[in-house]
Structures are given as C-alpha cells and as structure tokens.
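**Q** Provided herewith: data05.tsv, TSV, C-alpha atoms.
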chain	number	residue	atom	x	y	z
A	1	MET	CA	132.02	104.45	118.11
A	2	MET	CA	130.26	106.73	115.67
A	3	LYS	CA	132.41	109.19	113.83
A	4	ILE	CA	131.71	112.88	114.44
A	5	PRO	CA	130.91	113.80	110.80
A	6	GLU	CA	128.48	110.91	110.61
A	7	TYR	CA	126.90	112.10	113.84
A	8	LEU	CA	126.54	115.65	112.53
A	9	LEU	CA	125.21	114.47	109.15
A	10	LYS	CA	122.28	112.78	110.86
A	11	MET	CA	121.07	116.23	111.91
A	12	ARG	CA	120.27	117.08	108.30
A	13	GLY	CA	117.23	114.84	108.43
A	14	THR	CA	116.22	112.21	105.91
A	15	THR	CA	113.10	113.61	104.39
A	16	ARG	CA	112.18	116.74	102.54
A	17	GLY	CA	108.70	118.11	103.09
A	18	SER	CA	106.22	117.11	105.74
A	19	PRO	CA	103.15	114.92	105.26
A	20	PRO	CA	100.54	116.53	103.00
A	21	ARG	CA	97.93	118.95	104.34
A	22	VAL	CA	94.70	117.23	105.24
A	23	SER	CA	91.42	117.96	103.45
A	24	ASN	CA	89.08	120.74	104.55
A	25	SER	CA	86.50	118.30	105.86
A	26	GLU	CA	89.21	116.72	107.99
A	27	ILE	CA	89.97	120.14	109.48
A	28	VAL	CA	86.30	120.79	110.18
A	29	TRP	CA	85.79	117.42	111.85
A	30	SER	CA	88.94	117.89	113.93
A	31	TRP	CA	87.55	121.21	115.10
A	32	ILE	CA	84.11	119.80	115.90
A	33	GLY	CA	85.57	116.82	117.78
A	34	ALA	CA	87.96	118.89	119.84
A	35	PHE	CA	85.29	121.45	120.63
A	36	LEU	CA	82.80	118.84	121.80
A	37	GLY	CA	85.40	116.78	123.65
A	38	ILE	CA	86.84	119.63	125.66
A	39	ALA	CA	83.35	121.09	126.17
A	40	ALA	CA	82.19	117.74	127.57
A	41	VAL	CA	85.05	117.66	130.08
A	42	ALA	CA	84.35	121.26	131.05
A	43	TRP	CA	80.65	120.50	131.45
A	44	VAL	CA	81.23	117.48	133.68
A	45	ASP	CA	83.75	119.50	135.66
A	46	HIS	CA	81.25	122.31	136.12
A	47	TYR	CA	78.26	120.20	137.14
A	48	PHE	CA	79.86	117.43	139.17
A	49	PHE	CA	83.02	118.83	140.63
A	50	LYS	CA	82.04	122.44	141.27
A	51	GLY	CA	82.69	123.58	144.78
A	52	MET	CA	85.08	120.76	145.43
A	53	ASP	CA	88.82	121.23	145.53
A	54	LEU	CA	89.07	118.87	142.60
A	55	SER	CA	89.47	120.04	139.02
A	56	LEU	CA	88.71	117.75	136.12
A	57	MET	CA	90.32	120.00	133.55
A	58	ILE	CA	94.08	119.83	133.06
A	59	GLY	CA	96.24	121.18	130.27
A	60	SER	CA	97.30	117.83	128.93
A	61	PHE	CA	93.76	117.17	127.66
A	62	GLY	CA	94.33	119.89	125.07
A	63	ALA	CA	97.21	117.81	123.74
A	64	SER	CA	95.13	114.64	123.84
A	65	ALA	CA	92.46	116.41	121.80
A	66	VAL	CA	95.03	117.06	119.05
A	67	LEU	CA	95.58	113.34	118.77
A	68	VAL	CA	92.14	111.84	119.26
A	69	TYR	CA	90.33	114.42	117.11
A	70	GLY	CA	93.16	115.62	114.83
A	71	ALA	CA	95.17	112.46	114.12
A	72	VAL	CA	92.51	109.79	114.51
A	73	ARG	CA	94.53	107.06	112.81
A	74	SER	CA	97.64	107.56	114.87
A	75	PRO	CA	98.66	104.66	117.10
A	76	LEU	CA	99.26	107.32	119.75
A	77	ALA	CA	95.58	108.28	119.62
A	78	GLN	CA	94.08	104.84	120.21
A	79	PRO	CA	92.02	104.11	123.36
A	80	ARG	CA	94.70	101.99	125.01
A	81	ASN	CA	97.17	104.84	124.66
A	82	LEU	CA	94.73	107.62	125.53
A	83	VAL	CA	93.51	106.15	128.80
A	84	GLY	CA	96.55	104.04	129.68
A	85	GLY	CA	98.97	106.88	128.98
A	86	HIS	CA	97.20	109.35	131.26
A	87	VAL	CA	96.53	106.89	134.08
A	88	LEU	CA	100.04	105.45	134.24
A	89	SER	CA	101.69	108.85	133.88
A	90	ALA	CA	99.53	110.26	136.66
A	91	ILE	CA	100.61	107.42	138.96
A	92	VAL	CA	104.25	108.08	138.10
A	93	GLY	CA	103.77	111.83	138.63
A	94	VAL	CA	102.18	111.44	142.05
A	95	ILE	CA	104.86	109.01	143.21
A	96	CYS	CA	107.62	111.35	142.03
A	97	TRP	CA	106.04	114.24	143.89
A	98	LYS	CA	105.76	112.22	147.07
A	99	LEU	CA	109.32	110.95	146.90
A	100	PHE	CA	111.23	113.95	145.61
A	101	HIS	CA	109.15	117.04	146.41
A	102	SER	CA	112.03	118.57	148.31
A	103	PHE	CA	113.91	118.76	144.99
A	104	PRO	CA	111.28	120.10	142.57
A	105	GLY	CA	113.54	120.05	139.50
A	106	ILE	CA	114.54	116.43	140.05
A	107	ALA	CA	110.94	115.46	140.74
A	108	GLU	CA	109.75	117.06	137.50
A	109	ALA	CA	112.45	115.44	135.37
A	110	MET	CA	111.98	112.06	137.03
A	111	ALA	CA	108.21	112.22	136.50
A	112	VAL	CA	108.31	112.95	132.78
A	113	ALA	CA	111.20	110.62	131.97
A	114	SER	CA	109.76	107.72	133.97
A	115	ALA	CA	106.30	108.27	132.51
A	116	ILE	CA	107.72	107.93	129.00
A	117	ALA	CA	109.62	104.79	129.95
A	118	LEU	CA	106.56	103.22	131.57
A	119	MET	CA	104.32	104.11	128.63
A	120	HIS	CA	106.82	102.53	126.27
A	121	LEU	CA	107.02	99.42	128.42
A	122	THR	CA	103.26	99.04	128.47
A	123	ARG	CA	102.71	100.07	124.83
A	124	THR	CA	100.56	102.97	125.95
A	125	LEU	CA	102.70	105.82	124.62
A	126	HIS	CA	100.54	108.94	124.57
A	127	PRO	CA	102.47	112.24	124.45
A	128	PRO	CA	100.02	114.17	126.64
A	129	GLY	CA	100.77	111.60	129.36
A	130	GLY	CA	104.10	113.33	129.85
A	131	ALA	CA	102.23	116.54	130.57
A	132	THR	CA	99.96	114.76	133.04
A	133	ALA	CA	102.97	113.41	134.93
A	134	LEU	CA	104.50	116.89	134.98
A	135	ILE	CA	101.28	118.49	136.20
A	136	ALA	CA	101.14	116.04	139.10
A	137	VAL	CA	104.50	117.41	140.22
A	138	ILE	CA	104.19	121.09	139.36
A	139	GLY	CA	100.62	120.95	140.49
A	140	SER	CA	98.77	123.51	142.37
A	141	GLU	CA	98.35	123.13	146.09
A	142	GLU	CA	95.06	121.34	145.38
A	143	VAL	CA	96.66	118.84	143.04
A	144	HIS	CA	99.34	118.02	145.61
A	145	GLU	CA	96.78	117.57	148.34
A	146	MET	CA	94.77	115.15	146.23
A	147	GLY	CA	97.58	112.60	146.27
A	148	PHE	CA	96.60	109.45	144.41
A	149	LEU	CA	93.07	110.75	143.91
A	150	PHE	CA	94.69	112.73	141.08
A	151	VAL	CA	94.97	109.45	139.19
A	152	LEU	CA	91.18	109.08	139.20
A	153	ILE	CA	90.21	112.74	138.91
A	154	PRO	CA	91.20	114.03	136.40
A	155	ALA	CA	93.58	111.46	134.92
A	156	THR	CA	91.06	108.63	134.43
A	157	ILE	CA	87.71	110.34	134.11
A	158	GLY	CA	88.98	113.06	131.76
A	159	PRO	CA	90.37	110.69	129.12
A	160	LEU	CA	87.25	108.51	129.36
A	161	ILE	CA	85.09	111.51	128.50
A	162	LEU	CA	87.39	112.42	125.60
A	163	LEU	CA	87.21	108.79	124.46
A	164	LEU	CA	83.40	108.73	124.55
A	165	VAL	CA	83.17	111.91	122.48
A	166	ALA	CA	85.79	110.56	120.05
A	167	LEU	CA	83.77	107.38	119.53
A	168	LEU	CA	80.60	109.37	118.91
A	169	VAL	CA	82.04	112.12	116.70
A	170	ASN	CA	84.87	110.43	114.80
A	171	ASN	CA	82.58	107.77	113.36
A	172	ILE	CA	80.09	110.24	111.85
A	173	PRO	CA	82.01	111.24	108.68
A	174	LYS	CA	82.45	108.59	106.00
A	175	SER	CA	86.15	109.32	105.76
A	176	ARG	CA	86.86	108.63	109.43
A	177	ARG	CA	86.72	105.72	111.79
A	178	TYR	CA	87.75	105.36	115.39
A	179	PRO	CA	89.37	103.47	116.93
A	180	GLU	CA	91.78	101.49	114.80
A	181	ILE	CA	92.75	99.31	117.76
A	182	TRP	CA	90.96	99.05	121.08
A	183	PHE	CA	93.61	97.41	123.12
B	1	MET	CA	118.05	103.78	109.55
B	2	GLN	CA	118.92	104.16	105.91
B	3	ASP	CA	122.35	102.64	106.39
B	4	ASN	CA	120.94	99.63	108.16
B	5	LEU	CA	118.52	99.11	105.35
B	6	HIS	CA	121.26	99.13	102.76
B	7	GLU	CA	123.12	96.61	104.81
B	8	ILE	CA	120.12	94.35	104.85
B	9	CYS	CA	119.04	94.77	101.25
B	10	GLY	CA	122.33	95.45	99.52
B	11	THR	CA	124.12	92.27	100.42
B	12	GLY	CA	121.38	89.96	99.21
B	13	ARG	CA	122.44	86.96	97.19
B	14	ALA	CA	123.22	87.88	93.63
B	15	GLY	CA	120.25	87.83	91.34
B	16	ASP	CA	117.86	87.35	94.18
B	17	GLU	CA	114.13	87.81	93.88
B	18	PRO	CA	112.13	90.19	91.69
B	19	ALA	CA	113.48	93.73	91.57
B	20	GLU	CA	112.01	96.03	94.16
B	21	ILE	CA	110.71	99.38	92.99
B	22	GLU	CA	112.29	102.35	94.72
B	23	LEU	CA	109.45	104.63	95.84
B	24	SER	CA	110.02	108.37	95.54
B	25	ASP	CA	108.74	110.86	98.10
B	26	ALA	CA	106.21	111.99	95.49
B	27	ASP	CA	104.87	108.43	95.17
B	28	ILE	CA	104.38	108.09	98.90
B	29	LEU	CA	102.91	111.56	99.37
B	30	ASP	CA	100.43	110.88	96.58
B	31	ALA	CA	99.37	107.64	98.26
B	32	MET	CA	98.99	109.45	101.57
B	33	ARG	CA	96.68	111.98	99.94
B	34	HIS	CA	94.36	109.12	98.99
B	35	ILE	CA	93.93	108.18	102.64
B	36	PRO	CA	91.79	110.65	104.54
B	37	GLY	CA	93.08	111.83	107.89
B	38	TYR	CA	96.48	112.78	109.20
B	39	LEU	CA	99.07	109.99	108.90
B	40	ASP	CA	101.88	110.51	111.34
B	41	ILE	CA	104.62	108.79	109.40
B	42	THR	CA	107.42	110.29	107.34
B	43	THR	CA	108.05	109.20	103.78
B	44	GLU	CA	111.45	107.83	104.79
B	45	ASP	CA	109.96	105.66	107.52
B	46	PHE	CA	107.31	104.45	105.14
B	47	ARG	CA	109.99	103.51	102.61
B	48	THR	CA	111.91	101.61	105.26
B	49	ILE	CA	108.79	99.70	106.28
B	50	TYR	CA	108.00	98.96	102.66
B	51	HIS	CA	111.43	97.53	101.95
B	52	LEU	CA	111.50	95.38	105.06
B	53	ALA	CA	107.94	94.18	104.53
B	54	HIS	CA	108.74	93.34	100.91
B	55	ARG	CA	111.71	91.28	102.05
B	56	HIS	CA	109.63	89.52	104.64
B	57	ALA	CA	106.91	88.71	102.10
B	58	LEU	CA	109.48	87.29	99.68
B	59	GLY	CA	110.93	85.17	102.43
B	60	ARG	CA	107.46	83.87	103.18
B	61	LEU	CA	106.65	83.13	99.53
B	62	LEU	CA	110.01	81.84	98.42
B	63	GLY	CA	111.50	80.54	101.63
B	64	ASN	CA	110.27	77.02	100.93
B	65	PHE	CA	111.34	77.02	97.32
B	66	THR	CA	114.05	74.55	96.34
B	67	ALA	CA	115.18	73.35	92.96
B	68	GLY	CA	114.82	69.76	94.21
B	69	ALA	CA	111.10	70.17	94.85
B	70	LEU	CA	110.41	71.43	91.35
B	71	MET	CA	112.77	69.29	89.25
B	72	ARG	CA	111.65	66.48	86.98
B	73	THR	CA	112.97	63.13	88.10
B	74	GLY	CA	113.45	59.88	86.26
B	75	ILE	CA	115.69	61.49	83.68
B	76	GLN	CA	117.73	59.00	81.67
B	77	PRO	CA	121.03	60.82	81.15
B	78	LEU	CA	123.29	60.34	78.15
B	79	LEU	CA	126.66	58.68	78.56
B	80	ALA	CA	129.80	60.36	77.33
B	81	GLY	CA	130.75	57.39	75.17
B	82	MET	CA	127.41	57.02	73.36
B	83	SER	CA	127.36	57.81	69.67
B	84	LEU	CA	125.46	60.90	68.54
B	85	ALA	CA	123.00	58.70	66.67
B	86	GLU	CA	122.15	56.81	69.85
B	87	ALA	CA	121.93	60.04	71.78
B	88	ALA	CA	119.52	61.50	69.23
B	89	ARG	CA	117.22	58.50	69.63
B	90	GLU	CA	117.38	58.83	73.42
B	91	MET	CA	116.49	62.50	73.23
B	92	VAL	CA	113.54	61.95	70.93
B	93	ARG	CA	112.27	59.20	73.23
B	94	SER	CA	112.64	61.38	76.31
B	95	GLY	CA	110.74	64.31	74.84
B	96	TYR	CA	113.30	66.78	76.15
B	97	LYS	CA	115.21	69.14	73.92
B	98	ALA	CA	118.36	68.72	75.96
B	99	LEU	CA	119.70	65.95	78.18
B	100	PRO	CA	122.51	65.91	80.71
B	101	VAL	CA	125.60	63.87	79.96
B	102	VAL	CA	127.12	61.91	82.84
B	103	ASP	CA	130.32	59.99	83.42
B	104	ALA	CA	130.53	56.47	84.82
B	105	GLN	CA	129.94	57.75	88.37
B	106	GLY	CA	126.78	59.58	87.39
B	107	CYS	CA	128.41	63.00	87.66
B	108	VAL	CA	127.22	65.65	85.22
B	109	ILE	CA	129.98	66.51	82.76
B	110	GLY	CA	127.98	68.22	80.05
B	111	MET	CA	124.70	68.88	78.37
B	112	LEU	CA	123.72	67.74	74.88
B	113	THR	CA	121.14	69.97	73.26
B	114	GLU	CA	119.36	70.09	69.94
B	115	ARG	CA	121.47	73.11	69.18
B	116	ASP	CA	124.61	71.00	69.50
B	117	PHE	CA	123.25	68.77	66.71
B	118	LEU	CA	122.42	71.74	64.53
B	119	ARG	CA	125.92	73.07	64.97
B	120	ARG	CA	127.23	69.80	63.62
B	121	PHE	CA	125.21	70.37	60.44
B	122	ASN	CA	126.36	74.00	60.16
B	123	VAL	CA	122.90	75.49	60.52
B	124	ALA	CA	121.45	77.78	63.18
B	125	THR	CA	117.85	76.58	63.34
B	126	PHE	CA	115.71	73.62	62.42
B	127	LEU	CA	113.92	75.75	59.85
B	128	GLU	CA	117.23	76.32	58.11
B	129	LEU	CA	117.92	72.59	58.20
B	130	LEU	CA	114.47	71.97	56.72
B	131	LEU	CA	115.02	74.46	53.90
B	132	ASN	CA	118.44	73.05	53.11
B	133	ALA	CA	117.02	69.52	53.00
B	134	ARG	CA	114.20	70.61	50.65
B	135	ASP	CA	116.57	72.46	48.35
B	136	GLY	CA	118.82	69.42	48.21
B	137	ALA	CA	121.67	71.57	49.42
B	138	PHE	CA	122.06	69.39	52.42
B	139	GLU	CA	123.52	65.97	52.69
B	140	LEU	CA	123.62	63.96	55.82
B	141	THR	CA	127.26	63.28	55.44
B	142	HIS	CA	128.06	63.69	59.07
B	143	ARG	CA	129.52	60.65	60.64
B	144	TRP	CA	127.31	60.74	63.65
B	145	HIS	CA	127.37	57.02	64.16
B	146	GLU	CA	131.02	57.27	65.06
B	147	MET	CA	131.18	60.55	66.85
B	148	PRO	CA	130.78	60.27	70.64
B	149	VAL	CA	128.49	62.50	72.68
B	150	SER	CA	131.50	63.90	74.54
B	151	ALA	CA	132.78	65.52	71.35
B	152	ALA	CA	129.54	67.36	70.58
B	153	MET	CA	128.17	68.24	74.00
B	154	THR	CA	128.37	71.59	75.72
B	155	SER	CA	130.83	70.89	78.48
B	156	SER	CA	130.77	74.22	80.33
B	157	VAL	CA	127.54	73.20	81.95
B	158	VAL	CA	125.72	75.17	84.62
B	159	VAL	CA	124.31	72.92	87.33
B	160	ILE	CA	122.45	73.67	90.53
B	161	SER	CA	122.16	71.81	93.78
B	162	ARG	CA	118.96	70.19	95.05
B	163	ASP	CA	118.52	72.78	97.78
B	164	ALA	CA	119.24	75.81	95.58
B	165	GLY	CA	116.84	78.63	96.42
B	166	PHE	CA	114.90	80.97	94.22
B	167	GLY	CA	117.72	83.45	93.74
B	168	GLU	CA	120.26	80.82	92.75
B	169	VAL	CA	117.91	79.37	90.15
B	170	VAL	CA	117.25	82.80	88.65
B	171	GLU	CA	120.98	83.44	88.54
B	172	ALA	CA	121.67	80.06	86.93
B	173	PHE	CA	119.09	80.65	84.20
B	174	ARG	CA	120.56	84.11	83.69
B	175	GLN	CA	124.03	82.63	83.19
B	176	HIS	CA	123.04	80.50	80.24
B	177	ASP	CA	120.11	80.59	77.89
B	178	GLY	CA	119.19	76.93	78.06
B	179	ARG	CA	115.73	75.62	78.68
B	180	SER	CA	116.73	73.34	81.51
B	181	LEU	CA	119.25	72.96	84.33
B	182	PRO	CA	120.63	69.65	85.61
B	183	VAL	CA	120.06	69.35	89.37
B	184	VAL	CA	122.87	67.60	91.23
B	185	ASN	CA	123.56	66.42	94.77
B	186	SER	CA	126.59	67.44	96.79
B	187	GLU	CA	128.81	64.94	94.96
B	188	GLY	CA	127.79	66.32	91.58
B	189	ARG	CA	125.63	63.30	90.70
B	190	LEU	CA	122.55	63.92	88.58
B	191	GLN	CA	119.28	64.07	90.51
B	192	GLY	CA	116.89	65.55	88.00
B	193	LEU	CA	116.22	68.27	85.49
B	194	LEU	CA	114.74	71.68	86.28
B	195	LEU	CA	112.83	73.05	83.30
B	196	ARG	CA	112.60	76.78	82.80
B	197	LYS	CA	108.91	76.49	81.91
B	198	ASP	CA	108.14	74.69	85.19
B	199	PHE	CA	110.00	77.37	87.09
B	200	ILE	CA	108.18	80.19	85.36
B	201	SER	CA	104.75	78.64	85.85
B	202	VAL	CA	105.42	78.26	89.59
B	203	ARG	CA	106.44	81.88	89.79
B	204	HIS	CA	103.23	82.80	88.01
B	205	GLN	CA	101.06	80.80	90.42
B	206	GLU	CA	102.63	82.54	93.37
B	207	ASN	CA	101.73	85.91	91.86
B	208	LEU	CA	105.24	87.17	91.83
Taking this structure as input, can you express it in the form of structure tokens?
**A**
Amino acid sequence: MMKIPEYLLKMRGTTRGSPPRVSNSEIVWSWIGAFLGIAAVAWVDHYFFKGMDLSLMIGSFGASAVLVYGAVRSPLAQPRNLVGGHVLSAIVGVICWKLFHSFPGIAEAMAVASAIALMHLTRTLHPPGGATALIAVIGSEEVHEMGFLFVLIPATIGPLILLLVALLVNNIPKSRRYPEIWF
Amino acid sequence: MQDNLHEICGTGRAGDEPAEIELSDADILDAMRHIPGYLDITTEDFRTIYHLAHRHALGRLLGNFTAGALMRTGIQPLLAGMSLAEAAREMVRSGYKALPVVDAQGCVIGMLTERDFLRRFNVATFLELLLNARDGAFELTHRWHEMPVSAAMTSSVVVISRDAGFGEVVEAFRQHDGRSLPVVNSEGRLQGLLLRKDFISVRHQENL
C-alpha cells in the first residue's frame, strides 16, 4: 500500500519546463501539412460524398493532424497508429452504440475506455482514436444510421487521405522525414 | 519511476562498471534542440531510458567477462619455505614483478613482490638501490639465503575467483595497488595471475 504523502508528492511532477519550442520552419511545415491534409479530406468529402448521408469529415481528424503534421516523429503519429487507431476505435464505438444506446453515458464511457485498451493491446495507440470512438456513440442521426459503414467512411478513408498527404508533405523539408516506422 | 530506477542502479555491486554521467535537464534540452521536430518525451523519461539503456549495454559488453578468461596460466608459484635468493631467481625467470606464494596444498597465502625485496634493503625504489650501490653506501649484507619467502611476503593478499566479473576485478584492483591479482578456485587454490595491464587493454578494446 502506498502511503498518502508519497501519493500526494507524485502530483508535483518530476520535470521542470516542457520540451523546447520548435524552430520556425517546423511551425511553417506543420501549418502547411495540416492545411493540405484537412483540405484534402474536405475536398474528397465535397466531390465524392456530397448529397449522400455520409460525411467524411469528423472532428478527430483535427487531432490526428496535430500528430501527423505537428509531431512527425512521435510514435503516436506513425501510419500503424494513425490508421489502426481510427479503424479499431470506430469498430469499438459502433459496437458500444449498438449494445448500450439506451444508456448514452455508459455507451460513451465504454467506447472511449475500450478503444484505448484495444489500441494499447494492438500497439496502435493514437489519441484521436478516442475521439472517433466517442463520435460513433454521440453521433448524429446519420452516423448512427450508418452502423458499421462508419468504420469505412470516415474512419478508414479519412486517415488514409491524411496519411497520403503526410507522406507527400512531410518528406519535402530536409529536417523532416515520415514515417519513422510503417508497421 | 525515479524510485524504481534508484532501486535498480543504486544497489549495484560495489565498484561496478564505469561511472555513469548524470544528465541535467539542460543537457537533455540542448540535445533535443539539435533534433528538428517536436519530440514528445520529457527530460525525466529520457533520463530513465538513458540509465536503463546504459545498464543494458554494460551487461551486453561485460556480461561475458570473467577473470578466468583473461588470466595468465602456467604460473609457477613460490613456496612459503623457499629462500629469498631462490625466490628472486624464480621471479627473474618468470618475467613477472610479483609472484603468488602458495602452501603445500596450492592455496594462495601471500604475494612476493619486487617491493618486498626493496623493503628488505631499506630503499623505496630500484633507482635508490642503484644510487646506493654506486656510492658504495650499500652492502648486500642481508641474509637472504637463509630468510624464507614467508617472512618477506605480503600476506594480506587480495585474490579473486575465476568467475569474478568486471566489477569485482575493478574493486580488487582498487583495494590494493599491485600490478597483478592471483586468481583462485573455490578452494583457494591458485589458477592463474590476472595482470592489470591485460585488464586495462581489454577494457580499451571494448571502448569502455
């Protein structure tokens, strides 16, 4: 059993100061990557999915953009995590909605918690995956009606587009390379 | 995390492996600035990884090290009852500056070094002996034909076992300033001689 003072002391943290600010060129390339990545998803959404009840754009892609264009080296931003995290979390989210939709709060908590556990198990941890699982539950009427189609659109196609743009953009500057690990 | 690390690193065998440099936050942050892009790791986590990796690397490099593998074999030890004159001839023949002294069972009971001889002649170095001899101030009056090795040897001898690891050897050489260590088996019988110069050259080859 841990003693209470020891427990409280841990809350002080271990480290003073956060990692250093990145260079200006890093900021510019993060901006360019995120702009093109999200624009590409929006463009595909507009031209291929317009008029359908399906939407390719979900909020969690904004979070993915932070990682794949803003923290290129991060293990969390690698292709396995980007695609695997969204796909698996979407599956978890849809299942949780189907099983527990009469208890929305339980369904939401189950979706996010189980998505994290599954991503850990499969070494695909990708923080935006948690958002994808949550979106599958919170949804909109359209999302709920899609059922498992939600796993394909947006949760597979979206990350693949982000990945393609990341491969093209992140390898332009000398100081960047992507990915570190494919799988 | 930090506590665990101290548990792992703090209880290491005494005198183990080369000292590890403690990295400050400033050291790590400076290194991170040399790598373009955002690194999502805290300085504390980096330090932890560094310490554990360092330990792992040492284990890999030194894990196979034993005193027995590096010792010189075929050493003719001196016997406690030999006269100093005989012992001196043995030492010259062997080429070593010190030889282990063993009892009838072959157990190491002491070490006879050149310094032990010098002490007998009341000088500190060979150069002093040389000067004294030239100035005629020195007479070889010592009765070294009668005196046994056991009376002149260093009897508080530091020995190591055949399977002594890197840390134990470092510690043994730290305990006394001799050039060599007798290597013994579990019964204390002489197996060979580990020379400091051999040990240092191996360390050098392994880039430690």
**Q** With all atoms listed in the file as the counted atoms, please give the residues lying no more than 10 Å from region 29-39 of chain A, apart from itself and same-chain residues fewer than 5 positions off, as number ranges by chain.
**A** A: 24, 44-45, 57, 61-62, 64-72, 158-159, 161-170, 172-173, 176; B: 37
**Q** Do a neighbour search on region 100-109 of chain B at 10 Å with only C-alpha atoms, toss out local chain neighbours closer than 3 positions, and write the hits as a count of residues only.
**A** 33
**Q** Could you please select, counting all atoms listed in the file, the residues of chain A within 7 Å of chain B and state them as a count of residues only?
**A** 11
**Q** Between CA of Met119 (chain A) and CA of Gly139 (chain A), what is the distance, to one decimal in Å?
**A**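 Atom-to-atom, CA of Met119 (chain A) to CA of Gly139 (chain A), that is 20.9 Å.
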**Q** Tell me, as a ChimeraX atom specification, which residues lie within 12 Å of Pro128 (chain A), counting all atoms listed in the file; anything in the same chain fewer than 5 positions away does not count.
**A** /A:58-68,76-77,81-90,112,115-116,119,133-135,155,159
**Q** Just the number, please: distance in Å from CA of Asp163 (chain B) to CA of Thr66 (chain B), one decimal.
**A**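 One can read the CA of Asp163 (chain B) to CA of Thr66 (chain B) distance as 5.0 Å.
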**Q** With all atoms listed in the file as the counted atoms, please give the residues lying no more than 8 Å from Glu108 (chain A), apart from itself and same-chain residues fewer than 3 positions off, as a PyMOL selection string.
**A** chain A and resi 96-97+104-105+111-112+134+137-138
**Q** Please determine, counting only C-alpha atoms, which residue among B:Val202, B:Met147, B:Ala57, B:Met111 has the shortest atom-to-atom distance to His176 (chain B).
**A**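 Closest to His176 (chain B), using only C-alpha atoms: B:Met111.
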**Q** Just checking: using only C-alpha atoms, which residue out of B:Ala152, B:Met71, B:Ala85, B:Leu118 ends up closest to Asp198 (chain B)?
**A** B:Met71
**Q** Quick one: distance from CA of Phe173 (chain B) to CA of Ser161 (chain B) in Å, one decimal?
**A** 13.4 Å
**Q** Around all the atoms of region 57-64 of chain A listed in the file, draw an axis-aligned box and extend it by 5 Å on each of the six sides; I want its centre and edge lengths in Å to one decimal, as AutoDock Vina command-line options.
**A**
--center_x 93.8 --center_y 117.9 --center_z 128.6 --size_x 17.0 --size_y 16.5 --size_z 19.8
**Q** Limit the output to C-alpha atoms and give region 56-103 of chain A as a tab-separated table (two decimals), in the first residue's frame.
**A**
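Heads up, here's the output in out-v8.tsv:
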chain	number	residue	atom	x	y	z
A	56	LEU	CA	-16.09	12.08	-44.40
A	57	MET	CA	-15.10	14.87	-42.06
A	58	ILE	CA	-15.10	14.22	-38.33
A	59	GLY	CA	-13.58	16.22	-35.50
A	60	SER	CA	-10.99	13.65	-34.55
A	61	PHE	CA	-9.10	14.31	-37.81
A	62	GLY	CA	-8.17	17.72	-36.41
A	63	ALA	CA	-6.44	15.93	-33.57
A	64	SER	CA	-4.77	13.49	-35.95
A	65	ALA	CA	-3.45	16.46	-37.93
A	66	VAL	CA	-1.69	17.74	-34.79
A	67	LEU	CA	0.21	14.49	-34.60
A	68	VAL	CA	0.95	13.61	-38.21
A	69	TYR	CA	1.88	17.17	-39.24
A	70	GLY	CA	2.92	18.68	-35.89
A	71	ALA	CA	4.74	15.83	-34.13
A	72	VAL	CA	6.01	13.82	-37.08
A	73	ARG	CA	8.49	11.78	-35.06
A	74	SER	CA	6.04	10.73	-32.41
A	75	PRO	CA	5.30	7.01	-32.19
A	76	LEU	CA	1.66	8.08	-31.87
A	77	ALA	CA	1.82	9.68	-35.33
A	78	GLN	CA	3.11	6.68	-37.27
A	79	PRO	CA	0.98	5.05	-40.01
A	80	ARG	CA	0.16	1.95	-37.98
A	81	ASN	CA	-1.20	4.14	-35.20
A	82	LEU	CA	-2.93	6.67	-37.45
A	83	VAL	CA	-4.93	4.18	-39.47
A	84	GLY	CA	-5.13	1.36	-36.93
A	85	GLY	CA	-6.17	3.70	-34.12
A	86	HIS	CA	-9.07	5.20	-36.05
A	87	VAL	CA	-10.30	1.94	-37.55
A	88	LEU	CA	-10.25	-0.07	-34.33
A	89	SER	CA	-11.74	2.76	-32.29
A	90	ALA	CA	-14.53	3.20	-34.81
A	91	ILE	CA	-15.37	-0.51	-34.55
A	92	VAL	CA	-15.41	-0.25	-30.76
A	93	GLY	CA	-17.56	2.90	-30.93
A	94	VAL	CA	-20.15	1.37	-33.23
A	95	ILE	CA	-20.40	-1.79	-31.13
A	96	CYS	CA	-20.83	0.25	-27.95
A	97	TRP	CA	-23.59	2.28	-29.55
A	98	LYS	CA	-25.39	-0.83	-30.71
A	99	LEU	CA	-25.14	-2.56	-27.35
A	100	PHE	CA	-25.66	0.28	-24.90
A	101	HIS	CA	-27.52	3.04	-26.75
A	102	SER	CA	-30.28	3.01	-24.18
A	103	PHE	CA	-27.72	4.27	-21.65
